[in-house]
$ cat model12.cif   # mmCIF, C-alpha atoms and all ligand atoms; chains and numbers go by the auth columns
data_work
#
loop_
_atom_site.group_PDB
_atom_site.id
_atom_site.type_symbol
_atom_site.label_atom_id
_atom_site.label_comp_id
_atom_site.label_asym_id
_atom_site.label_seq_id
_atom_site.Cartn_x
_atom_site.Cartn_y
_atom_site.Cartn_z
_atom_site.B_iso_or_equiv
_atom_site.auth_seq_id
_atom_site.auth_asym_id
ATOM 1 C CA MET A 1 82.527 46.381 20.490 0.00 1412 A
ATOM 2 C CA ASN A 2 81.914 44.216 23.501 0.00 1413 A
ATOM 3 C CA LYS A 3 78.272 45.193 23.623 0.00 1414 A
ATOM 4 C CA PHE A 4 77.824 44.206 20.014 0.00 1415 A
ATOM 5 C CA LYS A 5 79.330 40.801 20.666 0.00 1416 A
ATOM 6 C CA LEU A 6 77.026 40.236 23.597 0.00 1417 A
ATOM 7 C CA LEU A 7 73.991 41.194 21.553 0.00 1418 A
ATOM 8 C CA THR A 8 74.939 38.796 18.807 0.00 1419 A
ATOM 9 C CA LEU A 9 75.385 36.003 21.320 0.00 1420 A
ATOM 10 C CA SER A 10 72.043 36.624 22.990 0.00 1421 A
ATOM 11 C CA LEU A 11 70.357 36.709 19.596 0.00 1422 A
ATOM 12 C CA ILE A 12 71.813 33.337 18.723 0.00 1423 A
ATOM 13 C CA PHE A 13 70.724 32.003 22.108 0.00 1424 A
ATOM 14 C CA ALA A 14 67.172 33.293 21.703 0.00 1425 A
ATOM 15 C CA GLY A 15 67.008 31.852 18.228 0.00 1426 A
ATOM 16 C CA GLY A 16 68.071 28.493 19.525 0.00 1427 A
ATOM 17 C CA LEU A 17 65.368 28.512 22.146 0.00 1428 A
ATOM 18 C CA SER A 18 62.559 29.519 19.825 0.00 1429 A
ATOM 19 C CA ALA A 19 63.430 26.675 17.482 0.00 1430 A
ATOM 20 C CA GLN A 20 61.455 24.437 19.799 0.00 1431 A
ATOM 21 C CA THR A 21 57.956 25.590 20.669 0.00 1432 A
ATOM 22 C CA SER A 22 55.450 23.918 22.902 0.00 1433 A
ATOM 23 C CA CYS A 23 52.537 22.226 21.232 0.00 1434 A
ATOM 24 C CA GLN A 24 49.258 24.144 20.924 0.00 1435 A
ATOM 25 C CA GLY A 25 47.192 20.989 20.889 0.00 1436 A
ATOM 26 C CA LEU A 26 45.073 19.542 23.682 0.00 1437 A
ATOM 27 C CA THR A 27 45.288 16.108 25.190 0.00 1438 A
ATOM 28 C CA LYS A 28 42.316 13.767 25.569 0.00 1439 A
ATOM 29 C CA ASP A 29 41.591 15.386 28.948 0.00 1440 A
ATOM 30 C CA SER A 30 41.548 18.838 27.345 0.00 1441 A
ATOM 31 C CA VAL A 31 44.813 19.746 29.015 0.00 1442 A
ATOM 32 C CA SER A 32 47.292 21.642 26.912 0.00 1443 A
ATOM 33 C CA CYS A 33 49.847 19.340 25.418 0.00 1444 A
ATOM 34 C CA LYS A 34 53.259 19.347 27.088 0.00 1445 A
ATOM 35 C CA ASN A 35 55.119 18.186 24.037 0.00 1446 A
ATOM 36 C CA THR A 36 57.494 20.461 22.212 0.00 1447 A
ATOM 37 C CA THR A 37 57.792 20.660 18.500 0.00 1448 A
ATOM 38 C CA LYS A 38 60.275 21.988 16.021 0.00 1449 A
ATOM 39 C CA GLN A 39 57.798 22.252 13.182 0.00 1450 A
ATOM 40 C CA GLY A 40 54.806 24.557 13.424 0.00 1451 A
ATOM 41 C CA ASN A 41 52.745 24.722 16.592 0.00 1452 A
ATOM 42 C CA LEU A 42 51.684 21.117 16.895 0.00 1453 A
ATOM 43 C CA CYS A 43 53.659 18.130 18.074 0.00 1454 A
ATOM 44 C CA TYR A 44 53.699 14.859 16.171 0.00 1455 A
ATOM 45 C CA LEU A 45 50.674 13.677 18.142 0.00 1456 A
ATOM 46 C CA HIS A 46 48.507 16.613 17.175 0.00 1457 A
ATOM 47 C CA ASN A 47 49.858 17.452 13.764 0.00 1458 A
ATOM 48 C CA PRO A 48 47.602 15.710 11.225 0.00 1459 A
ATOM 49 C CA ASN A 49 50.325 16.108 8.631 0.00 1460 A
ATOM 50 C CA TYR A 50 52.909 14.303 10.696 0.00 1461 A
ATOM 51 C CA VAL A 51 54.130 11.187 8.969 0.00 1462 A
ATOM 52 C CA LYS A 52 54.983 8.399 11.320 0.00 1463 A
ATOM 53 C CA THR A 53 58.304 6.836 10.695 0.00 1464 A
ATOM 54 C CA GLU A 54 57.785 3.156 11.190 0.00 1465 A
ATOM 55 C CA THR A 55 60.174 1.850 13.760 0.00 1466 A
ATOM 56 C CA THR A 56 60.501 -1.856 13.302 0.00 1467 A
ATOM 57 C CA LYS A 57 60.890 -3.607 16.593 0.00 1468 A
ATOM 58 C CA ALA A 58 62.918 -6.738 16.839 0.00 1469 A
ATOM 59 C CA VAL A 59 60.807 -9.747 17.730 0.00 1470 A
ATOM 60 C CA VAL A 60 61.847 -13.219 18.775 0.00 1471 A
ATOM 61 C CA CYS A 61 61.860 -15.645 15.876 0.00 1472 A
ATOM 62 C CA ASP A 62 58.812 -17.866 15.442 0.00 1473 A
ATOM 63 C CA GLY A 63 60.892 -20.745 14.142 0.00 1474 A
ATOM 64 C CA THR A 64 62.031 -23.863 15.961 0.00 1475 A
ATOM 65 C CA THR A 65 65.541 -25.232 16.169 0.00 1476 A
ATOM 66 C CA GLN A 66 66.599 -28.692 14.997 0.00 1477 A
ATOM 67 C CA LYS A 67 66.127 -29.909 18.576 0.00 1478 A
ATOM 68 C CA GLY A 68 62.555 -28.726 18.587 0.00 1479 A
ATOM 69 C CA ASN A 69 63.153 -25.763 20.849 0.00 1480 A
ATOM 70 C CA SER A 70 61.815 -22.387 19.934 0.00 1481 A
ATOM 71 C CA CYS A 71 64.371 -20.206 18.252 0.00 1482 A
ATOM 72 C CA LYS A 72 65.841 -17.500 20.445 0.00 1483 A
ATOM 73 C CA ASN A 73 67.064 -15.324 17.620 0.00 1484 A
ATOM 74 C CA LYS A 74 65.645 -11.871 17.240 0.00 1485 A
ATOM 75 C CA THR A 75 64.521 -10.563 13.921 0.00 1486 A
ATOM 76 C CA LYS A 76 63.206 -7.367 12.432 0.00 1487 A
ATOM 77 C CA ASP A 77 61.881 -9.145 9.392 0.00 1488 A
ATOM 78 C CA SER A 78 58.154 -8.779 8.753 0.00 1489 A
ATOM 79 C CA SER A 79 57.827 -12.544 8.455 0.00 1490 A
ATOM 80 C CA GLY A 80 58.708 -12.955 12.119 0.00 1491 A
ATOM 81 C CA PHE A 81 61.467 -15.420 11.319 0.00 1492 A
ATOM 82 C CA CYS A 82 65.188 -14.914 11.781 0.00 1493 A
ATOM 83 C CA HIS A 83 67.674 -15.339 8.954 0.00 1494 A
ATOM 84 C CA LEU A 84 68.002 -19.053 9.776 0.00 1495 A
ATOM 85 C CA HIS A 85 64.305 -19.802 9.512 0.00 1496 A
ATOM 86 C CA ARG A 86 63.234 -17.373 6.846 0.00 1497 A
ATOM 87 C CA ASP A 87 63.652 -19.708 3.896 0.00 1498 A
HETATM 88 ZN ZN ZN B . 50.768 17.948 21.123 0.00 1501 A
HETATM 89 ZN ZN ZN B . 64.957 -18.442 13.976 0.00 1502 A
#

$ encode --input "model12.cif" --output "structure tokens"
Amino acid sequence: MNKFKLLTLSLIFAGGLSAQTSCQGLTKDSVSCKNTTKQGNLCYLHNPNYVKTETTKAVVCDGTTQKGNSCKNKTKDSSGFCHLHRD
């Protein structure tokens, strides 16, 4: 009974490890890629089918305040203006 339990546990453990495989791709210097991947054998850098999820970075607003200073607000809007200067 105990042996069976142990086997089941080790199987779960092994399964968890194999869920992440190291990338089969090569870097620009022809060194094997150190990235790990959970899908297929190629990491997001080497997988041509990988779809980049656009991460929008917050930028400082391009607008100017009423005093003529540049606005310090950060915005993720594509216009580059914060909510105060957008319209
Ligand atoms: Zn890779
Ligand atoms: Zn602004």

$ resolve_selection --input "model12.cif" --expression "the PyMOL selection byres (((not hetatm)) within 10 of (chain A and resi 1502))" --output "MDAnalysis selection string"
chainID A and resid 1471:1476 1481:1486 1491:1497

$ resolve_selection --input "model12.cif" --expression "the PyMOL selection byres (((not hetatm)) within 8 of (chain A and resi 1501))" --output "PyMOL selection string"
chain A and resi 1433-1438+1443-1448+1453-1458

$ resolve_selection --input "model12.cif" --expression "the PyMOL selection byres (((chain A and resi 1466) around 12) and not hetatm)" --output "list in words"
Lys1463, Thr1464, Glu1465, Thr1467, Lys1468, Ala1469, Lys1487, Asp1488 and Ser1489 of chain A

$ atom_distance --input "model12.cif" --atom1 "atom CA of A:Ala1430" --atom2 "atom CA of A:Val1462"
20.0 Å

$ closest_residue --input "model12.cif" --among "A:Lys1439, A:Gln1477, A:Val1470, A:Gly1451" --to "A:Ser1490" --atoms "all atoms listed in the file"
A:Val1470

$ axis_aligned_box --input "model12.cif" --around "stretch 1440-1458 of chain A" --padding-each-side "3 Å" --output "JSON"
{"center_x": 50.9, "center_y": 19.2, "center_z": 21.1, "size_x": 24.7, "size_y": 17.0, "size_z": 21.8}

$ decode --input "model12.cif" --residues "chain A" --atoms "C-alpha atoms" --output "JSON list (two decimals), in the first residue's frame"
[["chain", "number", "residue", "atom", "x", "y", "z"],
["A", 1412, "MET", "CA", 0.00, 0.00, 0.00],
["A", 1413, "ASN", "CA", 2.77, 2.35, 0.97],
["A", 1414, "LYS", "CA", 4.76, 1.47, -2.11],
["A", 1415, "PHE", "CA", 1.81, 2.26, -4.32],
["A", 1416, "LYS", "CA", 1.41, 5.66, -2.72],
["A", 1417, "LEU", "CA", 5.05, 6.45, -3.24],
["A", 1418, "LEU", "CA", 4.88, 5.45, -6.88],
["A", 1419, "THR", "CA", 1.88, 7.66, -7.46],
["A", 1420, "LEU", "CA", 3.65, 10.59, -5.83],
["A", 1421, "SER", "CA", 6.81, 10.15, -7.88],
["A", 1422, "LEU", "CA", 4.73, 9.91, -11.04],
["A", 1423, "ILE", "CA", 3.03, 13.18, -10.25],
["A", 1424, "PHE", "CA", 6.42, 14.74, -9.50],
["A", 1425, "ALA", "CA", 7.93, 13.52, -12.76],
["A", 1426, "GLY", "CA", 4.92, 14.76, -14.66],
["A", 1427, "GLY", "CA", 5.30, 18.16, -13.11],
["A", 1428, "LEU", "CA", 8.92, 18.36, -14.13],
["A", 1429, "SER", "CA", 8.39, 17.29, -17.72],
["A", 1430, "ALA", "CA", 5.75, 19.97, -18.17],
["A", 1431, "GLN", "CA", 8.60, 22.39, -18.73],
["A", 1432, "THR", "CA", 11.18, 21.38, -21.31],
["A", 1433, "SER", "CA", 14.26, 23.24, -22.36],
["A", 1434, "CYS", "CA", 14.18, 24.91, -25.73],
["A", 1435, "GLN", "CA", 15.68, 23.06, -28.71],
["A", 1436, "GLY", "CA", 16.49, 26.25, -30.53],
["A", 1437, "LEU", "CA", 19.87, 27.91, -30.97],
["A", 1438, "THR", "CA", 20.84, 31.42, -30.06],
["A", 1439, "LYS", "CA", 22.52, 33.86, -32.45],
["A", 1440, "ASP", "CA", 25.90, 32.46, -31.37],
["A", 1441, "SER", "CA", 24.75, 28.92, -32.18],
["A", 1442, "VAL", "CA", 24.61, 28.03, -28.52],
["A", 1443, "SER", "CA", 21.67, 25.95, -27.42],
["A", 1444, "CYS", "CA", 18.96, 28.10, -25.97],
["A", 1445, "LYS", "CA", 18.68, 28.10, -22.19],
["A", 1446, "ASN", "CA", 15.04, 29.04, -22.12],
["A", 1447, "THR", "CA", 12.42, 26.60, -20.97],
["A", 1448, "THR", "CA", 9.08, 26.18, -22.57],
["A", 1449, "LYS", "CA", 5.78, 24.64, -21.66],
["A", 1450, "GLN", "CA", 4.59, 24.28, -25.23],
["A", 1451, "GLY", "CA", 6.45, 22.07, -27.68],
["A", 1452, "ASN", "CA", 10.23, 22.14, -27.87],
["A", 1453, "LEU", "CA", 10.79, 25.78, -28.66],
["A", 1454, "CYS", "CA", 10.63, 28.78, -26.38],
["A", 1455, "TYR", "CA", 8.76, 31.93, -27.33],
["A", 1456, "LEU", "CA", 11.91, 33.30, -28.96],
["A", 1457, "HIS", "CA", 12.35, 30.37, -31.30],
["A", 1458, "ASN", "CA", 8.78, 29.30, -31.84],
["A", 1459, "PRO", "CA", 7.61, 30.95, -35.08],
["A", 1460, "ASN", "CA", 4.03, 30.33, -34.02],
["A", 1461, "TYR", "CA", 4.40, 32.19, -30.77],
["A", 1462, "VAL", "CA", 2.10, 35.17, -30.60],
["A", 1463, "LYS", "CA", 3.53, 38.07, -28.70],
["A", 1464, "THR", "CA", 1.22, 39.51, -26.16],
["A", 1465, "GLU", "CA", 1.68, 43.22, -26.39],
["A", 1466, "THR", "CA", 2.61, 44.61, -23.04],
["A", 1467, "THR", "CA", 1.82, 48.28, -23.01],
["A", 1468, "LYS", "CA", 4.35, 50.21, -21.04],
["A", 1469, "ALA", "CA", 3.35, 53.29, -19.18],
["A", 1470, "VAL", "CA", 4.99, 56.40, -20.58],
["A", 1471, "VAL", "CA", 5.15, 59.90, -19.18],
["A", 1472, "CYS", "CA", 2.49, 62.15, -20.65],
["A", 1473, "ASP", "CA", 3.51, 64.42, -23.52],
["A", 1474, "GLY", "CA", 1.16, 67.17, -22.39],
["A", 1475, "THR", "CA", 1.96, 70.36, -20.52],
["A", 1476, "THR", "CA", 0.29, 71.65, -17.39],
["A", 1477, "GLN", "CA", -1.47, 75.00, -17.09],
["A", 1478, "LYS", "CA", 1.78, 76.44, -15.71],
["A", 1479, "GLY", "CA", 3.66, 75.35, -18.78],
["A", 1480, "ASN", "CA", 5.49, 72.51, -17.11],
["A", 1481, "SER", "CA", 5.59, 69.12, -18.70],
["A", 1482, "CYS", "CA", 2.99, 66.78, -17.32],
["A", 1483, "LYS", "CA", 4.31, 64.17, -14.92],
["A", 1484, "ASN", "CA", 1.40, 61.80, -15.27],
["A", 1485, "LYS", "CA", 2.00, 58.37, -16.66],
["A", 1486, "THR", "CA", -0.21, 56.90, -19.29],
["A", 1487, "LYS", "CA", -0.64, 53.66, -21.15],
["A", 1488, "ASP", "CA", -2.70, 55.29, -23.84],
["A", 1489, "SER", "CA", -1.36, 54.98, -27.38],
["A", 1490, "SER", "CA", -1.69, 58.73, -27.84],
["A", 1491, "GLY", "CA", 1.00, 59.33, -25.24],
["A", 1492, "PHE", "CA", -1.23, 61.67, -23.28],
["A", 1493, "CYS", "CA", -2.67, 61.10, -19.82],
["A", 1494, "HIS", "CA", -6.38, 61.30, -19.10],
["A", 1495, "LEU", "CA", -6.07, 65.05, -18.43],
["A", 1496, "HIS", "CA", -4.49, 65.87, -21.76],
["A", 1497, "ARG", "CA", -6.10, 63.32, -24.01],
["A", 1498, "ASP", "CA", -9.00, 65.47, -25.15]]
